[in-house]
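Dumped structure14.pdb below, it's PDB, C-alpha atoms and all ligand atoms:
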MODEL        1
ATOM      1  CA  MET A   1      12.419 -23.659   1.147  1.00  0.00           C
ATOM      2  CA  SER A   2       9.824 -21.321  -0.442  1.00  0.00           C
ATOM      3  CA  SER A   3       9.781 -17.666   0.573  1.00  0.00           C
ATOM      4  CA  PRO A   4       7.273 -16.604   3.258  1.00  0.00           C
ATOM      5  CA  CYS A   5       5.341 -14.623   0.639  1.00  0.00           C
ATOM      6  CA  ALA A   6       5.159 -17.612  -1.727  1.00  0.00           C
ATOM      7  CA  SER A   7       3.848 -19.911   1.002  1.00  0.00           C
ATOM      8  CA  CYS A   8       1.403 -17.190   2.033  1.00  0.00           C
ATOM      9  CA  ALA A   9       0.147 -17.024  -1.563  1.00  0.00           C
ATOM     10  CA  GLU A  10      -0.212 -20.833  -1.692  1.00  0.00           C
ATOM     11  CA  LYS A  11      -2.407 -20.711   1.429  1.00  0.00           C
ATOM     12  CA  GLY A  12      -4.472 -17.841   0.024  1.00  0.00           C
ATOM     13  CA  THR A  13      -3.480 -15.509   2.844  1.00  0.00           C
ATOM     14  CA  SER A  14      -1.353 -13.155   0.764  1.00  0.00           C
ATOM     15  CA  CYS A  15      -1.625  -9.430   1.420  1.00  0.00           C
ATOM     16  CA  CYS A  16      -2.177  -9.114  -2.381  1.00  0.00           C
ATOM     17  CA  THR A  17      -5.731 -10.399  -1.902  1.00  0.00           C
ATOM     18  CA  GLY A  18      -8.616  -8.383  -0.528  1.00  0.00           C
ATOM     19  CA  THR A  19      -6.609  -5.265   0.161  1.00  0.00           C
ATOM     20  CA  GLN A  20      -7.325  -1.950  -1.563  1.00  0.00           C
ATOM     21  CA  ILE A  21      -3.873  -1.029  -2.898  1.00  0.00           C
ATOM     22  CA  LEU A  22      -3.362   2.731  -2.806  1.00  0.00           C
ATOM     23  CA  LEU A  23      -1.487   4.374  -5.695  1.00  0.00           C
ATOM     24  CA  THR A  24       0.233   7.745  -5.621  1.00  0.00           C
ATOM     25  CA  SER A  25       0.459   9.687  -8.875  1.00  0.00           C
ATOM     26  CA  GLY A  26       4.178   8.751  -8.828  1.00  0.00           C
ATOM     27  CA  ASP A  27       3.218   5.050  -8.663  1.00  0.00           C
ATOM     28  CA  VAL A  28       0.944   5.534 -11.663  1.00  0.00           C
ATOM     29  CA  LYS A  29       3.730   7.177 -13.695  1.00  0.00           C
ATOM     30  CA  ARG A  30       6.231   4.433 -12.832  1.00  0.00           C
ATOM     31  CA  ILE A  31       3.866   1.482 -13.360  1.00  0.00           C
ATOM     32  CA  THR A  32       2.385   2.882 -16.568  1.00  0.00           C
ATOM     33  CA  ALA A  33       5.919   3.284 -17.949  1.00  0.00           C
ATOM     34  CA  VAL A  34       6.555  -0.418 -17.255  1.00  0.00           C
ATOM     35  CA  LEU A  35       3.205  -1.876 -18.373  1.00  0.00           C
ATOM     36  CA  LEU A  36       2.704   0.575 -21.268  1.00  0.00           C
ATOM     37  CA  ARG A  37      -0.994   0.803 -20.345  1.00  0.00           C
ATOM     38  CA  ASN A  38      -3.027   2.594 -17.714  1.00  0.00           C
ATOM     39  CA  ASP A  39      -6.116   0.429 -17.354  1.00  0.00           C
ATOM     40  CA  TYR A  40      -4.914  -1.229 -14.114  1.00  0.00           C
ATOM     41  CA  PHE A  41      -6.218   1.437 -11.722  1.00  0.00           C
ATOM     42  CA  HIS A  42      -9.309   3.437 -10.933  1.00  0.00           C
ATOM     43  CA  PHE A  43     -10.872   5.503  -8.174  1.00  0.00           C
ATOM     44  CA  GLU A  44     -12.940   3.393  -5.808  1.00  0.00           C
ATOM     45  CA  LYS A  45     -15.003   4.114  -2.691  1.00  0.00           C
ATOM     46  CA  ALA A  46     -12.683   3.585   0.284  1.00  0.00           C
ATOM     47  CA  ASP A  47     -13.200   0.219   2.029  1.00  0.00           C
ATOM     48  CA  GLU A  48     -14.517   0.499   5.608  1.00  0.00           C
ATOM     49  CA  ASP A  49     -11.106  -0.569   6.960  1.00  0.00           C
ATOM     50  CA  TYR A  50      -9.579   2.655   5.683  1.00  0.00           C
ATOM     51  CA  LEU A  51     -12.100   4.989   7.308  1.00  0.00           C
ATOM     52  CA  ASP A  52     -10.901   4.503  10.887  1.00  0.00           C
ATOM     53  CA  PRO A  53      -8.386   7.276  11.629  1.00  0.00           C
ATOM     54  CA  GLY A  54      -6.780   5.199  14.419  1.00  0.00           C
ATOM     55  CA  ASP A  55      -3.701   6.993  15.689  1.00  0.00           C
ATOM     56  CA  ASP A  56      -3.042   8.737  12.358  1.00  0.00           C
ATOM     57  CA  PRO A  57      -5.919  10.993  11.214  1.00  0.00           C
ATOM     58  CA  ILE A  58      -3.652  12.710   8.662  1.00  0.00           C
ATOM     59  CA  TRP A  59      -3.325   9.449   6.717  1.00  0.00           C
ATOM     60  CA  ILE A  60      -7.047   9.455   5.853  1.00  0.00           C
ATOM     61  CA  ARG A  61      -6.898  13.080   4.823  1.00  0.00           C
ATOM     62  CA  ILE A  62      -4.067  12.559   2.333  1.00  0.00           C
ATOM     63  CA  THR A  63      -5.295   9.261   0.892  1.00  0.00           C
ATOM     64  CA  ILE A  64      -9.077   9.695   0.529  1.00  0.00           C
ATOM     65  CA  LYS A  65     -10.464  12.281  -1.850  1.00  0.00           C
ATOM     66  CA  SER A  66     -13.290  14.623  -0.927  1.00  0.00           C
ATOM     67  CA  ASP A  67     -15.777  12.303  -2.696  1.00  0.00           C
ATOM     68  CA  GLY A  68     -14.720   9.359  -0.477  1.00  0.00           C
ATOM     69  CA  THR A  69     -12.709   7.544  -3.149  1.00  0.00           C
ATOM     70  CA  ARG A  70      -9.108   6.382  -3.282  1.00  0.00           C
ATOM     71  CA  ARG A  71      -6.867   5.785  -6.333  1.00  0.00           C
ATOM     72  CA  VAL A  72      -6.272   2.027  -6.203  1.00  0.00           C
ATOM     73  CA  VAL A  73      -5.208  -0.979  -8.275  1.00  0.00           C
ATOM     74  CA  LYS A  74      -8.237  -2.752  -9.803  1.00  0.00           C
ATOM     75  CA  ARG A  75      -9.173  -6.089  -8.254  1.00  0.00           C
ATOM     76  CA  SER A  76     -10.521  -9.232  -9.885  1.00  0.00           C
ATOM     77  CA  GLY A  77     -13.799 -10.923  -8.898  1.00  0.00           C
ATOM     78  CA  GLU A  78     -12.169 -12.676  -5.948  1.00  0.00           C
ATOM     79  CA  ARG A  79     -10.626  -9.396  -4.837  1.00  0.00           C
ATOM     80  CA  HIS A  80      -7.172 -10.452  -6.025  1.00  0.00           C
ATOM     81  CA  CYS A  81      -4.965  -7.533  -7.009  1.00  0.00           C
ATOM     82  CA  SER A  82      -5.062  -7.393 -10.817  1.00  0.00           C
ATOM     83  CA  LEU A  83      -1.249  -7.146 -10.907  1.00  0.00           C
ATOM     84  CA  LEU A  84      -0.894 -10.506  -9.141  1.00  0.00           C
ATOM     85  CA  GLY A  85       0.290 -13.311 -11.435  1.00  0.00           C
ATOM     86  CA  PRO A  86       0.681 -17.049 -10.844  1.00  0.00           C
ATOM     87  CA  ALA A  87       4.244 -16.525  -9.557  1.00  0.00           C
ATOM     88  CA  GLY A  88       3.487 -13.460  -7.429  1.00  0.00           C
ATOM     89  CA  CYS A  89       3.520  -9.777  -8.293  1.00  0.00           C
ATOM     90  CA  ARG A  90       4.037  -9.074 -12.012  1.00  0.00           C
ATOM     91  CA  LEU A  91       6.153  -6.033 -11.098  1.00  0.00           C
ATOM     92  CA  ALA A  92       9.755  -5.995  -9.880  1.00  0.00           C
ATOM     93  CA  LEU A  93      10.153  -4.761  -6.317  1.00  0.00           C
ATOM     94  CA  GLU A  94      11.243  -1.210  -7.250  1.00  0.00           C
ATOM     95  CA  GLU A  95       8.334  -0.913  -9.724  1.00  0.00           C
ATOM     96  CA  ARG A  96       5.588  -1.821  -7.237  1.00  0.00           C
ATOM     97  CA  PRO A  97       3.250   0.640  -5.533  1.00  0.00           C
ATOM     98  CA  LEU A  98       5.071   2.210  -2.593  1.00  0.00           C
ATOM     99  CA  VAL A  99       2.575   0.780  -0.089  1.00  0.00           C
ATOM    100  CA  CYS A 100       3.388  -2.713  -1.420  1.00  0.00           C
ATOM    101  CA  ARG A 101       7.142  -2.168  -1.196  1.00  0.00           C
ATOM    102  CA  LEU A 102       6.720  -1.082   2.407  1.00  0.00           C
ATOM    103  CA  TYR A 103       4.415  -3.867   3.589  1.00  0.00           C
ATOM    104  CA  PRO A 104       4.636  -5.439   6.211  1.00  0.00           C
ATOM    105  CA  VAL A 105       6.560  -2.546   7.788  1.00  0.00           C
ATOM    106  CA  ALA A 106       4.265  -0.586  10.112  1.00  0.00           C
ATOM    107  CA  TYR A 107       4.189   3.205   9.698  1.00  0.00           C
ATOM    108  CA  THR A 108       2.157   6.362  10.052  1.00  0.00           C
ATOM    109  CA  THR A 109       2.624   9.637   8.205  1.00  0.00           C
ATOM    110  CA  ASP A 110       5.449  10.629  10.522  1.00  0.00           C
ATOM    111  CA  TRP A 111       7.072   7.479  11.818  1.00  0.00           C
ATOM    112  CA  ILE A 112       8.077   4.018  10.700  1.00  0.00           C
ATOM    113  CA  ASP A 113       8.564   1.146  13.084  1.00  0.00           C
ATOM    114  CA  GLY A 114       7.908  -2.542  13.638  1.00  0.00           C
ATOM    115  CA  ILE A 115       5.975  -5.061  11.597  1.00  0.00           C
ATOM    116  CA  ASP A 116       2.224  -5.176  10.929  1.00  0.00           C
ATOM    117  CA  PRO A 117       0.857  -8.016  13.110  1.00  0.00           C
ATOM    118  CA  SER A 118      -1.581  -8.947  10.283  1.00  0.00           C
ATOM    119  CA  CYS A 119       1.338 -10.412   8.344  1.00  0.00           C
ATOM    120  CA  PRO A 120       1.219 -14.085   9.353  1.00  0.00           C
ATOM    121  CA  ILE A 121       4.964 -14.315   9.858  1.00  0.00           C
ATOM    122  CA  ALA A 122       5.238 -11.111  11.878  1.00  0.00           C
ATOM    123  CA  HIS A 123       5.886 -13.035  15.078  1.00  0.00           C
ATOM    124  CA  ALA A 124       8.090 -15.685  13.499  1.00  0.00           C
ATOM    125  CA  ALA A 125      11.228 -13.585  13.200  1.00  0.00           C
ATOM    126  CA  ARG A 126      12.844 -10.389  14.496  1.00  0.00           C
ATOM    127  CA  PRO A 127      11.914  -7.357  12.334  1.00  0.00           C
ATOM    128  CA  ASP A 128      15.294  -7.143  10.566  1.00  0.00           C
ATOM    129  CA  GLU A 129      15.301 -10.894   9.893  1.00  0.00           C
ATOM    130  CA  LEU A 130      11.769 -10.690   8.540  1.00  0.00           C
ATOM    131  CA  LEU A 131      12.683  -7.825   6.205  1.00  0.00           C
ATOM    132  CA  ASN A 132      15.635  -9.886   5.041  1.00  0.00           C
ATOM    133  CA  LEU A 133      13.376 -12.901   4.418  1.00  0.00           C
ATOM    134  CA  ILE A 134      11.115 -10.897   2.133  1.00  0.00           C
ATOM    135  CA  GLY A 135      14.059  -9.345   0.284  1.00  0.00           C
ATOM    136  CA  THR A 136      14.155  -5.835   1.706  1.00  0.00           C
ATOM    137  CA  THR A 137      15.977  -3.819   4.382  1.00  0.00           C
ATOM    138  CA  ARG A 138      15.233  -1.136   6.952  1.00  0.00           C
ATOM    139  CA  THR A 139      17.151   1.399   4.801  1.00  0.00           C
ATOM    140  CA  ASP A 140      14.933   0.639   1.793  1.00  0.00           C
ATOM    141  CA  ALA A 141      11.840   0.897   3.973  1.00  0.00           C
ATOM    142  CA  ARG A 142      12.885   4.360   5.229  1.00  0.00           C
ATOM    143  CA  ARG A 143      13.575   5.527   1.649  1.00  0.00           C
ATOM    144  CA  TRP A 144      10.203   4.243   0.380  1.00  0.00           C
ATOM    145  CA  HIS A 145       8.395   5.795   3.347  1.00  0.00           C
ATOM    146  CA  ARG A 146       9.949   9.187   2.487  1.00  0.00           C
ATOM    147  CA  MET A 147       8.957   8.761  -1.176  1.00  0.00           C
ATOM    148  CA  LEU A 148       5.415   7.774  -0.211  1.00  0.00           C
ATOM    149  CA  MET A 149       4.902  10.765   2.053  1.00  0.00           C
ATOM    150  CA  ASN A 150       6.501  13.191  -0.429  1.00  0.00           C
ATOM    151  CA  GLU A 151       4.253  11.952  -3.211  1.00  0.00           C
ATOM    152  CA  LEU A 152       1.072  11.923  -1.115  1.00  0.00           C
ATOM    153  CA  PHE A 153       1.658  15.394   0.331  1.00  0.00           C
ATOM    154  CA  SER A 154       2.613  16.805  -3.072  1.00  0.00           C
ATOM    155  CA  GLU A 155      -0.775  15.822  -4.503  1.00  0.00           C
ATOM    156  CA  TYR A 156      -2.658  16.794  -1.368  1.00  0.00           C
ATOM    157  CA  ASP A 157      -5.857  18.617  -2.217  1.00  0.00           C
ATOM    158  CA  ASP A 158      -7.078  21.483  -0.053  1.00  0.00           C
ATOM    159  CA  THR A 159     -10.513  19.879   0.067  1.00  0.00           C
ATOM    160  CA  VAL A 160     -10.054  16.732   2.082  1.00  0.00           C
ATOM    161  CA  TYR A 161     -12.175  13.800   3.199  1.00  0.00           C
ATOM    162  CA  CYS A 162     -13.422  13.974   6.768  1.00  0.00           C
ATOM    163  CA  GLY A 163     -16.018  11.279   7.527  1.00  0.00           C
ATOM    164  CA  ASN A 164     -19.251  12.150   5.745  1.00  0.00           C
ATOM    165  CA  GLU A 165     -18.252  15.743   5.204  1.00  0.00           C
ATOM    166  CA  THR A 166     -15.501  17.612   3.436  1.00  0.00           C
ATOM    167  CA  THR A 167     -13.465  20.214   5.201  1.00  0.00           C
ATOM    168  CA  ALA A 168     -10.767  22.710   4.424  1.00  0.00           C
ATOM    169  CA  SER A 169      -7.079  21.901   4.639  1.00  0.00           C
ATOM    170  CA  PRO A 170      -5.609  21.639   8.186  1.00  0.00           C
ATOM    171  CA  SER A 171      -3.338  24.559   7.315  1.00  0.00           C
ATOM    172  CA  ASP A 172      -6.360  26.877   6.807  1.00  0.00           C
TER     173      ASP A 172
HETATM  174  S1  LIG B 201       4.282  -9.693   3.288  1.00  0.00           S
HETATM  175 FE1  LIG B 201       3.431 -11.032   4.877  1.00  0.00          FE
HETATM  176  S2  LIG B 201       1.199 -11.145   4.428  1.00  0.00           S
HETATM  177 FE2  LIG B 201       2.249 -10.361   2.589  1.00  0.00          FE
HETATM  178  S3  LIG B 201       2.558 -12.191   1.341  1.00  0.00           S
HETATM  179 FE3  LIG B 201       4.466 -11.799   2.492  1.00  0.00          FE
HETATM  180  S4  LIG B 201       4.279 -13.037   4.351  1.00  0.00           S
HETATM  181 FE4  LIG B 201       2.237 -12.882   3.434  1.00  0.00          FE
HETATM  182  S1  LIG B 202       0.849  -4.563  -6.851  1.00  0.00           S
HETATM  183 FE1  LIG B 202       1.970  -6.473  -6.633  1.00  0.00          FE
HETATM  184  S2  LIG B 202       2.674  -6.524  -4.493  1.00  0.00           S
HETATM  185 FE2  LIG B 202       1.048  -4.988  -4.647  1.00  0.00          FE
HETATM  186  S3  LIG B 202      -0.837  -6.067  -4.066  1.00  0.00           S
HETATM  187 FE3  LIG B 202      -0.633  -6.139  -6.323  1.00  0.00          FE
HETATM  188  S4  LIG B 202       0.393  -8.067  -6.743  1.00  0.00           S
HETATM  189 FE4  LIG B 202       0.708  -7.606  -4.569  1.00  0.00          FE
ENDMDL
END

Could I get this file's structure written as structure tokens?
Amino acid sequence: MSSPCASCAEKGTSCCTGTQILLTSGDVKRITAVLLRNDYFHFEKADEDYLDPGDDPIWIRITIKSDGTRRVVKRSGERHCSLLGPAGCRLALEERPLVCRLYPVAYTTDWIDGIDPSCPIAHAARPDELLNLIGTTRTDARRWHRMLMNELFSEYDDTVYCGNETTASPSD
């Protein structure tokens, strides 16, 4: 039986398509060391989907720069992630962007819980079983969430994006 992610890719519903994949500076260091090139990312205007603060306004402020851009993996013409190959991601799990390692685990800046309902198999298995199916565990997810937040907060600029305006850091 093929993995859920492989069958998702066959149907064209993979989360590696369409999505703007955020990179921390730590991701860039790790991926550049593996690929031996740094032409796979750029800064791009944040997609509309990322401008809704939802229940986590801090997330926008640490992931969107004051000019409205995010550091993301380049996409091809059909909005496929440029690191996606014919057999799935070209990177090993521990080399991937932290947001990719975490998906489909749902999280905010300060908590981690459940599974993103956009993942087509989110309702097909209990969360732990689902994580097992895609080759990860809750312990890994907690570790990657800590890494992601540490890296995002460590590069946090004191001029942050806030809708159409910029504003000073929340600590000011
Ligand atoms: S994580 Fe979910 S949405 Fe992404 S490829 Fe796997 S099954 Fe599909
Ligand atoms: S980096 Fe890999 S896992 Fe992440 S979206 Fe691209 S192909 Fe998918």

Quick one: which segment 22-77 of chain A residues come within 8 Å of segment 107-112 of chain A, and what is the nearest atom pair for each with the distance in Å to one decimal, counting all atoms listed in the file, rows ordered by chain and ascending number, as a Markdown table?
| residue | atom | partner | partner_atom | distance |
| --- | --- | --- | --- | --- |
| A:Asp56 | CA | A:Thr108 | CA | 6.2 |
| A:Ile58 | CA | A:Thr109 | CA | 7.0 |
| A:Trp59 | CA | A:Thr109 | CA | 6.1 |

Exercise for the section: Determine the nearest neighbour of ligand LIG 202 (chain B) from the options A:Gly68, A:Pro104, A:Pro53, A:Gly77, counting only C-alpha atoms and all ligand atoms. Expected result: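 Ranked by minimum distance to ligand LIG 202 (chain B), first place goes to A:Pro104.
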
Practice task
List, as a list in words, every residue that the PyMOL selection byres (((chain A and resi 84) around 12) and not hetatm) selects in the file provided.
Solution key: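 Given this file, the PyMOL selection byres (((chain A and resi 84) around 12) and not hetatm) evaluates to Ala6, Ala9, Ser14, Cys15, Cys16, Thr17, Gly18, Ile21, Tyr40, Val73, Lys74, Arg75, Ser76, Glu78, Arg79, His80, Cys81, Ser82, Leu83, Gly85, Pro86, Ala87, Gly88, Cys89, Arg90, Leu91, Ala92, Arg96 and Cys100 of chain A.
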
Exercise for the section: Residues within 10 Å of ligand LIG 201 (chain B) should be enumerated using only C-alpha atoms and all ligand atoms and returned as a ChimeraX atom specification. Expected result: /A:3-17,88-89,100-105,115-122,130-131,133-134

Exercise for the section: Identify which of the residues A:Lys65, A:Glu129, A:Tyr156, A:Val99 lies closest to ligand LIG 202 (chain B), counting all atoms listed in the file when measuring atom-to-atom distances. Expected result: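 Going through A:Lys65, A:Glu129, A:Tyr156, A:Val99 one by one, the smallest distance to ligand LIG 202 (chain B) is for A:Val99.
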